[in-house]
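J.: This is model-v1.pdb (PDB, C-alpha atoms).
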ATOM      1  CA  ILE F  15     -23.789 -17.012  -2.026  1.00  0.00           C
ATOM      2  CA  TYR F  16     -21.325 -14.297  -1.041  1.00  0.00           C
ATOM      3  CA  ASP F  17     -24.115 -12.174   0.439  1.00  0.00           C
ATOM      4  CA  ARG F  18     -25.874 -15.104   2.096  1.00  0.00           C
ATOM      5  CA  THR F  19     -22.706 -16.341   3.833  1.00  0.00           C
ATOM      6  CA  LYS F  20     -21.555 -12.821   4.726  1.00  0.00           C
ATOM      7  CA  GLY F  21     -18.381 -13.108   2.692  1.00  0.00           C
ATOM      8  CA  ILE F  22     -17.278 -16.598   3.713  1.00  0.00           C
ATOM      9  CA  ASP F  23     -18.066 -18.274   0.362  1.00  0.00           C
ATOM     10  CA  GLY F  24     -19.082 -17.188  -3.118  1.00  0.00           C
ATOM     11  CA  TYR F  25     -15.723 -16.036  -4.485  1.00  0.00           C
ATOM     12  CA  ILE F  26     -14.632 -15.930  -8.114  1.00  0.00           C
ATOM     13  CA  SER F  27     -10.930 -16.185  -8.985  1.00  0.00           C
ATOM     14  CA  LEU F  28      -9.087 -14.289 -11.694  1.00  0.00           C
ATOM     15  CA  GLU F  29      -5.447 -15.125 -12.229  1.00  0.00           C
ATOM     16  CA  VAL F  30      -2.449 -13.033 -13.110  1.00  0.00           C
ATOM     17  CA  SER F  31      -0.493 -14.214 -16.141  1.00  0.00           C
ATOM     18  CA  PRO F  32       1.683 -17.275 -15.434  1.00  0.00           C
ATOM     19  CA  LEU F  33       4.325 -15.682 -17.640  1.00  0.00           C
ATOM     20  CA  ILE F  34       5.198 -13.300 -14.787  1.00  0.00           C
ATOM     21  CA  ALA F  35       5.268 -15.912 -12.009  1.00  0.00           C
ATOM     22  CA  GLY F  36       8.997 -15.297 -11.491  1.00  0.00           C
ATOM     23  CA  ASP F  37       8.646 -11.512 -11.155  1.00  0.00           C
ATOM     24  CA  THR F  38       7.457 -10.245  -7.763  1.00  0.00           C
ATOM     25  CA  ALA F  39       6.962  -6.600  -8.689  1.00  0.00           C
ATOM     26  CA  THR F  40       5.087  -7.288 -11.921  1.00  0.00           C
ATOM     27  CA  THR F  41       2.884  -9.917 -10.254  1.00  0.00           C
ATOM     28  CA  LEU F  42       1.903  -7.443  -7.546  1.00  0.00           C
ATOM     29  CA  SER F  43       1.274  -4.675 -10.069  1.00  0.00           C
ATOM     30  CA  GLU F  44      -0.953  -6.933 -12.167  1.00  0.00           C
ATOM     31  CA  ALA F  45      -2.853  -8.170  -9.091  1.00  0.00           C
ATOM     32  CA  LYS F  46      -3.599  -4.590  -8.088  1.00  0.00           C
ATOM     33  CA  ARG F  47      -4.661  -3.670 -11.625  1.00  0.00           C
ATOM     34  CA  LEU F  48      -7.080  -6.606 -11.951  1.00  0.00           C
ATOM     35  CA  PHE F  49      -8.562  -6.141  -8.478  1.00  0.00           C
ATOM     36  CA  LYS F  50      -9.219  -2.473  -9.175  1.00  0.00           C
ATOM     37  CA  ALA F  51     -10.588  -3.104 -12.671  1.00  0.00           C
ATOM     38  CA  VAL F  52     -13.145  -5.727 -11.566  1.00  0.00           C
ATOM     39  CA  ASP F  53     -14.038  -3.824  -8.383  1.00  0.00           C
ATOM     40  CA  ARG F  54     -16.142  -6.542  -6.723  1.00  0.00           C
ATOM     41  CA  PRO F  55     -15.855  -7.629  -3.077  1.00  0.00           C
ATOM     42  CA  ASN F  56     -16.053 -11.344  -3.950  1.00  0.00           C
ATOM     43  CA  LEU F  57     -13.058 -11.334  -6.310  1.00  0.00           C
ATOM     44  CA  MET F  58      -9.912 -13.305  -5.501  1.00  0.00           C
ATOM     45  CA  ILE F  59      -6.747 -12.730  -7.492  1.00  0.00           C
ATOM     46  CA  LYS F  60      -4.817 -15.932  -8.198  1.00  0.00           C
ATOM     47  CA  ILE F  61      -1.074 -15.674  -7.612  1.00  0.00           C
ATOM     48  CA  PRO F  62       1.160 -18.751  -8.028  1.00  0.00           C
ATOM     49  CA  GLY F  63       2.892 -19.897  -4.851  1.00  0.00           C
ATOM     50  CA  THR F  64       6.358 -19.559  -6.366  1.00  0.00           C
ATOM     51  CA  PRO F  65       9.249 -18.177  -4.288  1.00  0.00           C
ATOM     52  CA  GLU F  66       8.849 -14.893  -6.164  1.00  0.00           C
ATOM     53  CA  GLY F  67       5.101 -14.948  -5.560  1.00  0.00           C
ATOM     54  CA  VAL F  68       5.421 -15.019  -1.770  1.00  0.00           C
ATOM     55  CA  GLY F  69       6.426 -11.347  -1.507  1.00  0.00           C
ATOM     56  CA  ALA F  70       3.630 -10.310  -3.848  1.00  0.00           C
ATOM     57  CA  ILE F  71       1.121 -12.323  -1.791  1.00  0.00           C
ATOM     58  CA  GLU F  72       2.147 -10.683   1.478  1.00  0.00           C
ATOM     59  CA  GLN F  73       1.982  -7.181   0.018  1.00  0.00           C
ATOM     60  CA  ALA F  74      -1.333  -7.837  -1.715  1.00  0.00           C
ATOM     61  CA  ILE F  75      -2.887  -9.058   1.542  1.00  0.00           C
ATOM     62  CA  TYR F  76      -1.497  -5.988   3.291  1.00  0.00           C
ATOM     63  CA  GLU F  77      -3.177  -3.817   0.654  1.00  0.00           C
ATOM     64  CA  GLY F  78      -6.515  -5.546   1.230  1.00  0.00           C
ATOM     65  CA  ILE F  79      -6.622  -7.676  -1.929  1.00  0.00           C
ATOM     66  CA  ASN F  80      -8.283 -11.101  -1.637  1.00  0.00           C
ATOM     67  CA  ILE F  81      -5.809 -13.739  -2.793  1.00  0.00           C
ATOM     68  CA  ASN F  82      -6.074 -17.304  -4.087  1.00  0.00           C
ATOM     69  CA  VAL F  83      -2.572 -18.740  -3.807  1.00  0.00           C
ATOM     70  CA  THR F  84      -2.462 -21.284  -6.601  1.00  0.00           C
ATOM     71  CA  LEU F  85      -0.188 -24.105  -7.796  1.00  0.00           C
ATOM     72  CA  LEU F  86       0.961 -25.350  -4.404  1.00  0.00           C
ATOM     73  CA  PHE F  87       2.446 -28.834  -4.469  1.00  0.00           C
ATOM     74  CA  SER F  88       4.796 -29.028  -1.473  1.00  0.00           C
ATOM     75  CA  VAL F  89       4.167 -28.533   2.218  1.00  0.00           C
ATOM     76  CA  GLU F  90       7.238 -26.301   2.382  1.00  0.00           C
ATOM     77  CA  ALA F  91       5.787 -23.906  -0.205  1.00  0.00           C
ATOM     78  CA  TYR F  92       2.446 -23.958   1.599  1.00  0.00           C
ATOM     79  CA  GLU F  93       4.049 -22.974   4.902  1.00  0.00           C
ATOM     80  CA  LYS F  94       5.749 -19.988   3.255  1.00  0.00           C
ATOM     81  CA  VAL F  95       2.576 -18.621   1.682  1.00  0.00           C
ATOM     82  CA  HIS F  96       0.590 -19.156   4.888  1.00  0.00           C
ATOM     83  CA  ASP F  97       3.235 -17.168   6.736  1.00  0.00           C
ATOM     84  CA  ALA F  98       2.973 -14.441   4.067  1.00  0.00           C
ATOM     85  CA  TYR F  99      -0.785 -14.281   4.660  1.00  0.00           C
ATOM     86  CA  LEU F 100      -0.352 -13.933   8.413  1.00  0.00           C
ATOM     87  CA  THR F 101       2.385 -11.331   8.033  1.00  0.00           C
ATOM     88  CA  GLY F 102       0.258  -9.273   5.659  1.00  0.00           C
ATOM     89  CA  LEU F 103      -2.589  -9.328   8.176  1.00  0.00           C
ATOM     90  CA  GLU F 104      -0.274  -8.442  11.064  1.00  0.00           C
ATOM     91  CA  ARG F 105       0.948  -5.406   9.157  1.00  0.00           C
ATOM     92  CA  ARG F 106      -2.652  -4.312   8.659  1.00  0.00           C
ATOM     93  CA  GLN F 107      -3.453  -4.921  12.315  1.00  0.00           C
ATOM     94  CA  SER F 108      -0.486  -2.819  13.454  1.00  0.00           C
ATOM     95  CA  GLU F 109      -1.903   0.100  11.479  1.00  0.00           C
ATOM     96  CA  GLY F 110      -5.455  -0.341  12.730  1.00  0.00           C
ATOM     97  CA  LYS F 111      -6.778  -1.545   9.360  1.00  0.00           C
ATOM     98  CA  SER F 112      -9.614  -4.036   8.879  1.00  0.00           C
ATOM     99  CA  LEU F 113      -8.588  -7.709   8.842  1.00  0.00           C
ATOM    100  CA  ASP F 114     -11.528  -8.631   6.627  1.00  0.00           C
ATOM    101  CA  VAL F 115      -9.336  -9.947   3.792  1.00  0.00           C
ATOM    102  CA  ALA F 116     -10.076 -13.348   2.252  1.00  0.00           C
ATOM    103  CA  SER F 117      -7.576 -15.936   1.041  1.00  0.00           C
ATOM    104  CA  VAL F 118      -7.325 -19.589   0.088  1.00  0.00           C
ATOM    105  CA  ALA F 119      -4.226 -21.737  -0.458  1.00  0.00           C
ATOM    106  CA  SER F 120      -4.797 -24.024  -3.446  1.00  0.00           C
ATOM    107  CA  PHE F 121      -3.016 -27.314  -2.872  1.00  0.00           C
ATOM    108  CA  PHE F 122      -2.897 -29.526  -5.965  1.00  0.00           C
ATOM    109  CA  VAL F 123      -3.642 -33.166  -5.268  1.00  0.00           C
ATOM    110  CA  SER F 124      -3.977 -35.700  -8.113  1.00  0.00           C
ATOM    111  CA  ARG F 125      -0.965 -34.371  -9.991  1.00  0.00           C
ATOM    112  CA  VAL F 126       1.217 -35.358  -7.045  1.00  0.00           C
ATOM    113  CA  ASP F 127       0.172 -38.984  -7.475  1.00  0.00           C
ATOM    114  CA  SER F 128       0.663 -38.738 -11.230  1.00  0.00           C
ATOM    115  CA  ALA F 129       4.302 -37.771 -10.647  1.00  0.00           C
ATOM    116  CA  VAL F 130       5.089 -39.942  -7.616  1.00  0.00           C
ATOM    117  CA  ASP F 131       3.400 -43.116  -8.897  1.00  0.00           C
ATOM    118  CA  LYS F 132       5.820 -43.265 -11.829  1.00  0.00           C
ATOM    119  CA  ARG F 133       8.766 -43.201  -9.434  1.00  0.00           C
ATOM    120  CA  LEU F 134       7.197 -45.801  -7.162  1.00  0.00           C
ATOM    121  CA  GLU F 135       6.567 -48.150 -10.073  1.00  0.00           C
ATOM    122  CA  ALA F 136      10.125 -47.688 -11.308  1.00  0.00           C
ATOM    123  CA  SER F 137      11.515 -48.554  -7.859  1.00  0.00           C
ATOM    124  CA  GLY F 138       9.300 -51.592  -7.354  1.00  0.00           C
ATOM    125  CA  HIS F 139       6.973 -50.087  -4.738  1.00  0.00           C
ATOM    126  CA  GLU F 140       3.645 -50.340  -6.525  1.00  0.00           C
ATOM    127  CA  GLU F 141       1.920 -51.038  -3.199  1.00  0.00           C
ATOM    128  CA  LEU F 142       2.402 -47.360  -2.298  1.00  0.00           C
ATOM    129  CA  CYS F 143       0.870 -45.980  -5.478  1.00  0.00           C
ATOM    130  CA  GLY F 144      -2.083 -43.663  -5.010  1.00  0.00           C
ATOM    131  CA  LYS F 145      -1.123 -42.703  -1.457  1.00  0.00           C
ATOM    132  CA  ALA F 146       1.337 -39.811  -1.762  1.00  0.00           C
ATOM    133  CA  ALA F 147      -1.101 -37.089  -2.821  1.00  0.00           C
ATOM    134  CA  ILE F 148      -3.544 -37.608   0.038  1.00  0.00           C
ATOM    135  CA  ALA F 149      -0.722 -37.984   2.569  1.00  0.00           C
ATOM    136  CA  ASN F 150       0.873 -34.769   1.297  1.00  0.00           C
ATOM    137  CA  ALA F 151      -2.406 -32.861   1.573  1.00  0.00           C
ATOM    138  CA  ARG F 152      -3.071 -34.229   5.056  1.00  0.00           C
ATOM    139  CA  VAL F 153       0.327 -33.019   6.267  1.00  0.00           C
ATOM    140  CA  ALA F 154      -0.532 -29.569   4.915  1.00  0.00           C
ATOM    141  CA  TYR F 155      -3.892 -29.697   6.684  1.00  0.00           C
ATOM    142  CA  ARG F 156      -2.209 -30.705   9.941  1.00  0.00           C
ATOM    143  CA  ASN F 157       0.013 -27.649   9.637  1.00  0.00           C
ATOM    144  CA  PHE F 158      -3.058 -25.506   8.989  1.00  0.00           C
ATOM    145  CA  GLU F 159      -4.694 -26.785  12.175  1.00  0.00           C
ATOM    146  CA  ALA F 160      -1.502 -26.086  14.126  1.00  0.00           C
ATOM    147  CA  VAL F 161      -1.562 -22.470  12.947  1.00  0.00           C
ATOM    148  CA  LEU F 162      -5.214 -22.092  14.019  1.00  0.00           C
ATOM    149  CA  ALA F 163      -4.213 -23.219  17.522  1.00  0.00           C
ATOM    150  CA  SER F 164      -1.257 -20.826  17.736  1.00  0.00           C
ATOM    151  CA  PRO F 165      -1.173 -17.572  19.757  1.00  0.00           C
ATOM    152  CA  ARG F 166      -0.129 -15.785  16.574  1.00  0.00           C
ATOM    153  CA  TRP F 167      -3.377 -16.710  14.828  1.00  0.00           C
ATOM    154  CA  GLN F 168      -5.527 -16.138  17.891  1.00  0.00           C
ATOM    155  CA  GLY F 169      -4.385 -12.513  18.015  1.00  0.00           C
ATOM    156  CA  LEU F 170      -5.464 -12.030  14.402  1.00  0.00           C
ATOM    157  CA  HIS F 171      -8.670 -14.029  14.787  1.00  0.00           C
ATOM    158  CA  HIS F 172      -9.835 -11.899  17.699  1.00  0.00           C
ATOM    159  CA  GLY F 173      -9.146  -8.876  15.510  1.00  0.00           C
ATOM    160  CA  GLY F 174     -11.595 -10.158  12.892  1.00  0.00           C
ATOM    161  CA  ALA F 175      -9.352 -12.173  10.552  1.00  0.00           C
ATOM    162  CA  HIS F 176     -10.554 -15.212   8.604  1.00  0.00           C
ATOM    163  CA  PRO F 177      -8.446 -18.370   8.177  1.00  0.00           C
ATOM    164  CA  GLN F 178      -6.605 -18.813   4.904  1.00  0.00           C
ATOM    165  CA  ARG F 179      -8.626 -21.856   3.889  1.00  0.00           C
ATOM    166  CA  PRO F 180      -6.890 -24.870   2.332  1.00  0.00           C
ATOM    167  CA  LEU F 181      -8.353 -25.460  -1.130  1.00  0.00           C
ATOM    168  CA  TRP F 182      -7.951 -28.903  -2.684  1.00  0.00           C
ATOM    169  CA  ALA F 183      -7.415 -28.446  -6.400  1.00  0.00           C
ATOM    170  CA  SER F 184      -6.905 -31.029  -9.134  1.00  0.00           C
ATOM    171  CA  THR F 185      -9.221 -33.475  -7.364  1.00  0.00           C
ATOM    172  CA  GLY F 186     -10.377 -35.310 -10.462  1.00  0.00           C
ATOM    173  CA  VAL F 187      -8.857 -38.813 -10.522  1.00  0.00           C
ATOM    174  CA  LYS F 188      -6.420 -39.205 -13.415  1.00  0.00           C
ATOM    175  CA  ASN F 189      -5.721 -42.918 -12.893  1.00  0.00           C
ATOM    176  CA  GLU F 190      -8.752 -45.051 -13.756  1.00  0.00           C
ATOM    177  CA  ARG F 191      -7.610 -47.730 -11.292  1.00  0.00           C
ATOM    178  CA  TYR F 192      -8.479 -45.440  -8.384  1.00  0.00           C
ATOM    179  CA  PRO F 193     -11.986 -44.689  -7.045  1.00  0.00           C
ATOM    180  CA  ASP F 194     -13.317 -41.631  -8.854  1.00  0.00           C
ATOM    181  CA  THR F 195     -14.234 -39.863  -5.608  1.00  0.00           C
ATOM    182  CA  MET F 196     -10.988 -40.645  -3.769  1.00  0.00           C
ATOM    183  CA  TYR F 197      -9.640 -37.095  -3.565  1.00  0.00           C
ATOM    184  CA  VAL F 198     -12.931 -35.847  -2.126  1.00  0.00           C
ATOM    185  CA  ASP F 199     -13.805 -38.673   0.272  1.00  0.00           C
ATOM    186  CA  GLU F 200     -10.331 -38.684   1.831  1.00  0.00           C
ATOM    187  CA  LEU F 201      -9.843 -34.920   2.295  1.00  0.00           C
ATOM    188  CA  VAL F 202     -12.916 -33.776   4.214  1.00  0.00           C
ATOM    189  CA  GLY F 203     -12.064 -31.159   6.834  1.00  0.00           C
ATOM    190  CA  ALA F 204     -13.296 -28.009   8.507  1.00  0.00           C
ATOM    191  CA  HIS F 205     -12.502 -24.762   6.650  1.00  0.00           C
ATOM    192  CA  THR F 206     -11.514 -26.606   3.463  1.00  0.00           C
ATOM    193  CA  VAL F 207     -12.679 -25.992  -0.099  1.00  0.00           C
ATOM    194  CA  ASN F 208     -12.720 -28.667  -2.818  1.00  0.00           C
ATOM    195  CA  THR F 209     -12.921 -27.408  -6.406  1.00  0.00           C
ATOM    196  CA  MET F 210     -14.204 -30.531  -8.136  1.00  0.00           C
ATOM    197  CA  PRO F 211     -14.364 -30.903 -11.916  1.00  0.00           C
ATOM    198  CA  LEU F 212     -17.946 -31.498 -13.088  1.00  0.00           C
ATOM    199  CA  ALA F 213     -17.437 -35.248 -13.613  1.00  0.00           C
ATOM    200  CA  THR F 214     -16.082 -35.608 -10.080  1.00  0.00           C
ATOM    201  CA  LEU F 215     -18.882 -33.473  -8.650  1.00  0.00           C
ATOM    202  CA  LYS F 216     -21.463 -35.756 -10.282  1.00  0.00           C
ATOM    203  CA  ALA F 217     -19.631 -38.868  -9.059  1.00  0.00           C
ATOM    204  CA  VAL F 218     -19.574 -37.592  -5.468  1.00  0.00           C
ATOM    205  CA  ALA F 219     -23.267 -36.717  -5.627  1.00  0.00           C
ATOM    206  CA  ASP F 220     -23.981 -40.235  -6.875  1.00  0.00           C
ATOM    207  CA  HIS F 221     -21.738 -42.433  -4.730  1.00  0.00           C
ATOM    208  CA  GLY F 222     -19.382 -40.350  -2.610  1.00  0.00           C
ATOM    209  CA  ARG F 223     -18.627 -41.722   0.850  1.00  0.00           C
ATOM    210  CA  ILE F 224     -18.257 -38.943   3.387  1.00  0.00           C
ATOM    211  CA  SER F 225     -17.230 -40.524   6.682  1.00  0.00           C
ATOM    212  CA  GLY F 226     -16.253 -37.589   8.877  1.00  0.00           C
ATOM    213  CA  PRO F 227     -13.154 -35.354   8.963  1.00  0.00           C
ATOM    214  CA  THR F 228     -10.939 -37.631   6.874  1.00  0.00           C
ATOM    215  CA  ALA F 229      -8.348 -34.887   6.278  1.00  0.00           C
ATOM    216  CA  GLN F 230      -7.317 -35.377   9.911  1.00  0.00           C
ATOM    217  CA  ARG F 231      -6.359 -39.025   9.461  1.00  0.00           C
ATOM    218  CA  ASP F 232      -2.721 -40.043   9.644  1.00  0.00           C
TER     219      ASP F 232
END
Could the structure of this file be written out as structure tokens, please?
T.:
Amino acid sequence: IYDRTKGIDGYISLEVSPLIAGDTATTLSEAKRLFKAVDRPNLMIKIPGTPEGVGAIEQAIYEGININVTLLFSVEAYEKVHDAYLTGLERRQSEGKSLDVASVASFFVSRVDSAVDKRLEASGHEELCGKAAIANARVAYRNFEAVLASPRWQGLHHGGAHPQRPLWASTGVKNERYPDTMYVDELVGAHTVNTMPLATLKAVADHGRISGPTAQRD
């Protein structure tokens, strides 16, 4: 797949230890060690999108390491790691280095509803249950589209850079009251990736309802 799509798809992720998620220097060191040890062009190193991870992400991108930013839950955290990706590429561009570095930003979906639904039920707003996760992801996607339209990105794009693709993670439905394809049907968008669990993948193949770029809806 990697060869057929000329490096757009076909990546495998390998994560640094979560035990070092609060240590920028050690995270970066481990990312470099793993990337060198595997030595494959379609490898992405997973780094958590913690505050300490942001610096490691920027430096890793600058050093030409493909990065999967994982465990993103808030739009604020997403904006910081997207900025780190752009900054890493800009540093490469200023030195005349190739911008052919791949990255995805893994935004967790169903777990947001799992947490927010409990608060909604406790406050008597059950009618809003099952809506927060998709709304949260759509706000992130709107920010992604705004970056693609910005002069900052256009300068990198014309230099050969690829977008840091939003990746919807945790898209298996954890509440049996909700449609089992909900987090796929409602988050369709250009440049996105959806890492479905096998049960969800089979459900989508059987009865998914893809009705256009639903990630763009309000």
J.: Counting all atoms listed in the file, which of F:Arg231, F:Arg179, F:His205, F:Arg106 gets nearest to Tyr76 of chain F?
T.: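 Looking only at the distances to Tyr76 of chain F, the closest residue turns out to be F:Arg106.
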J.: Need the shell around segment 32-34 of chain F: protein/DNA/RNA residues with any atom at most 12 Å away, counting all atoms listed in the file. Skip same-chain ones fewer than 5 positions apart. Format as a list in words?
T.: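 Here the qualifying residues turn out to be Ala39, Thr40, Thr41, Leu42, Ser43, Glu44, Ala45, Lys60, Ile61, Pro62, Gly63, Thr64, Glu66, Gly67, Ala70, Thr84 and Leu85 of chain F.
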J.: Taking the file as shown, find all residues satisfying the PyMOL selection byres ((chain F and resi 186) around 7) and write them as a list of chain:residue names.
T.: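 That selection, the PyMOL selection byres ((chain F and resi 186) around 7), comes back as F:Ser124, F:Ser184, F:Thr185, F:Val187, F:Lys188, F:Met210, F:Pro211, F:Thr214.
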J.: Point out the residue among F:Gln178, F:Thr209, F:Thr101, F:Asn189 with the least atom-to-atom distance to Cys143 of chain F, counting only C-alpha atoms.
T.: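 Among the listed residues, F:Asn189 lies closest to Cys143 of chain F.
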J.: Taking the file as shown, what set of residues would the PyMOL selection byres ((chain F and resi 223) around 12) give back, as a list in words?
T.: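 On the file shown, the PyMOL selection byres ((chain F and resi 223) around 12) covers Pro193, Asp194, Thr195, Met196, Tyr197, Val198, Asp199, Glu200, Leu201, Val202, Ala217, Val218, Ala219, Asp220, His221, Gly222, Ile224, Ser225, Gly226, Pro227 and Thr228 of chain F.
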J.: Which residue is closest to Met58 of chain F? Choose from F:Ser137, F:Asn82, F:Gln230, F:Asn150 and count all atoms listed in the file.
T.: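 Checking each of F:Ser137, F:Asn82, F:Gln230, F:Asn150 against Met58 of chain F, counting all atoms listed in the file, the winner is F:Asn82.
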J.: Some atoms are absent from segment 35-44 of chain F, so rebuild all heavy atoms and return them as a PDB file, in the frame of the given file.
T.:
ATOM      1  N   ALA F  35       5.212 -15.238 -13.307  1.00  0.00           N
ATOM      2  CA  ALA F  35       5.268 -15.912 -12.009  1.00  0.00           C
ATOM      3  C   ALA F  35       6.624 -15.765 -11.318  1.00  0.00           C
ATOM      4  O   ALA F  35       6.721 -15.910 -10.103  1.00  0.00           O
ATOM      5  CB  ALA F  35       4.924 -17.392 -12.160  1.00  0.00           C
ATOM      6  N   GLY F  36       7.668 -15.464 -12.072  1.00  0.00           N
ATOM      7  CA  GLY F  36       8.997 -15.297 -11.491  1.00  0.00           C
ATOM      8  C   GLY F  36       9.360 -13.855 -11.214  1.00  0.00           C
ATOM      9  O   GLY F  36      10.516 -13.552 -10.908  1.00  0.00           O
ATOM     10  N   ASP F  37       8.396 -12.953 -11.300  1.00  0.00           N
ATOM     11  CA  ASP F  37       8.646 -11.512 -11.155  1.00  0.00           C
ATOM     12  C   ASP F  37       7.715 -10.959 -10.076  1.00  0.00           C
ATOM     13  O   ASP F  37       6.533 -10.753 -10.309  1.00  0.00           O
ATOM     14  CB  ASP F  37       8.400 -10.816 -12.497  1.00  0.00           C
ATOM     15  CG  ASP F  37       8.758  -9.343 -12.489  1.00  0.00           C
ATOM     16  OD1 ASP F  37       8.676  -8.709 -11.418  1.00  0.00           O
ATOM     17  OD2 ASP F  37       9.112  -8.806 -13.559  1.00  0.00           O
ATOM     18  N   THR F  38       8.267 -10.689  -8.903  1.00  0.00           N
ATOM     19  CA  THR F  38       7.457 -10.245  -7.763  1.00  0.00           C
ATOM     20  C   THR F  38       6.756  -8.921  -8.036  1.00  0.00           C
ATOM     21  O   THR F  38       5.541  -8.786  -7.822  1.00  0.00           O
ATOM     22  CB  THR F  38       8.331 -10.108  -6.503  1.00  0.00           C
ATOM     23  OG1 THR F  38       8.964 -11.363  -6.224  1.00  0.00           O
ATOM     24  CG2 THR F  38       7.502  -9.694  -5.291  1.00  0.00           C
ATOM     25  N   ALA F  39       7.510  -7.943  -8.499  1.00  0.00           N
ATOM     26  CA  ALA F  39       6.962  -6.600  -8.689  1.00  0.00           C
ATOM     27  C   ALA F  39       5.863  -6.579  -9.738  1.00  0.00           C
ATOM     28  O   ALA F  39       4.813  -5.949  -9.556  1.00  0.00           O
ATOM     29  CB  ALA F  39       8.078  -5.626  -9.069  1.00  0.00           C
ATOM     30  N   THR F  40       6.083  -7.279 -10.848  1.00  0.00           N
ATOM     31  CA  THR F  40       5.087  -7.288 -11.921  1.00  0.00           C
ATOM     32  C   THR F  40       3.841  -8.061 -11.502  1.00  0.00           C
ATOM     33  O   THR F  40       2.716  -7.677 -11.826  1.00  0.00           O
ATOM     34  CB  THR F  40       5.674  -7.890 -13.202  1.00  0.00           C
ATOM     35  OG1 THR F  40       6.873  -7.183 -13.545  1.00  0.00           O
ATOM     36  CG2 THR F  40       4.708  -7.787 -14.363  1.00  0.00           C
ATOM     37  N   THR F  41       4.029  -9.149 -10.764  1.00  0.00           N
ATOM     38  CA  THR F  41       2.884  -9.917 -10.254  1.00  0.00           C
ATOM     39  C   THR F  41       2.016  -9.047  -9.352  1.00  0.00           C
ATOM     40  O   THR F  41       0.786  -9.025  -9.477  1.00  0.00           O
ATOM     41  CB  THR F  41       3.368 -11.153  -9.480  1.00  0.00           C
ATOM     42  OG1 THR F  41       3.989 -12.061 -10.394  1.00  0.00           O
ATOM     43  CG2 THR F  41       2.203 -11.866  -8.802  1.00  0.00           C
ATOM     44  N   LEU F  42       2.640  -8.311  -8.449  1.00  0.00           N
ATOM     45  CA  LEU F  42       1.903  -7.443  -7.546  1.00  0.00           C
ATOM     46  C   LEU F  42       1.181  -6.342  -8.310  1.00  0.00           C
ATOM     47  O   LEU F  42       0.003  -6.057  -8.057  1.00  0.00           O
ATOM     48  CB  LEU F  42       2.837  -6.825  -6.506  1.00  0.00           C
ATOM     49  CG  LEU F  42       2.193  -5.836  -5.532  1.00  0.00           C
ATOM     50  CD1 LEU F  42       1.119  -6.521  -4.696  1.00  0.00           C
ATOM     51  CD2 LEU F  42       3.265  -5.214  -4.627  1.00  0.00           C
ATOM     52  N   SER F  43       1.872  -5.743  -9.268  1.00  0.00           N
ATOM     53  CA  SER F  43       1.274  -4.675 -10.069  1.00  0.00           C
ATOM     54  C   SER F  43       0.051  -5.174 -10.824  1.00  0.00           C
ATOM     55  O   SER F  43      -0.988  -4.498 -10.884  1.00  0.00           O
ATOM     56  CB  SER F  43       2.310  -4.109 -11.040  1.00  0.00           C
ATOM     57  OG  SER F  43       1.736  -3.142 -11.895  1.00  0.00           O
ATOM     58  N   GLU F  44       0.158  -6.364 -11.406  1.00  0.00           N
ATOM     59  CA  GLU F  44      -0.953  -6.933 -12.167  1.00  0.00           C
ATOM     60  C   GLU F  44      -2.113  -7.310 -11.245  1.00  0.00           C
ATOM     61  O   GLU F  44      -3.283  -7.130 -11.602  1.00  0.00           O
ATOM     62  CB  GLU F  44      -0.467  -8.155 -12.939  1.00  0.00           C
ATOM     63  CG  GLU F  44      -1.483  -8.766 -13.889  1.00  0.00           C
ATOM     64  CD  GLU F  44      -1.795  -7.885 -15.094  1.00  0.00           C
ATOM     65  OE1 GLU F  44      -1.311  -6.732 -15.156  1.00  0.00           O
ATOM     66  OE2 GLU F  44      -2.533  -8.342 -15.973  1.00  0.00           O
TER      67      GLU F  44
END
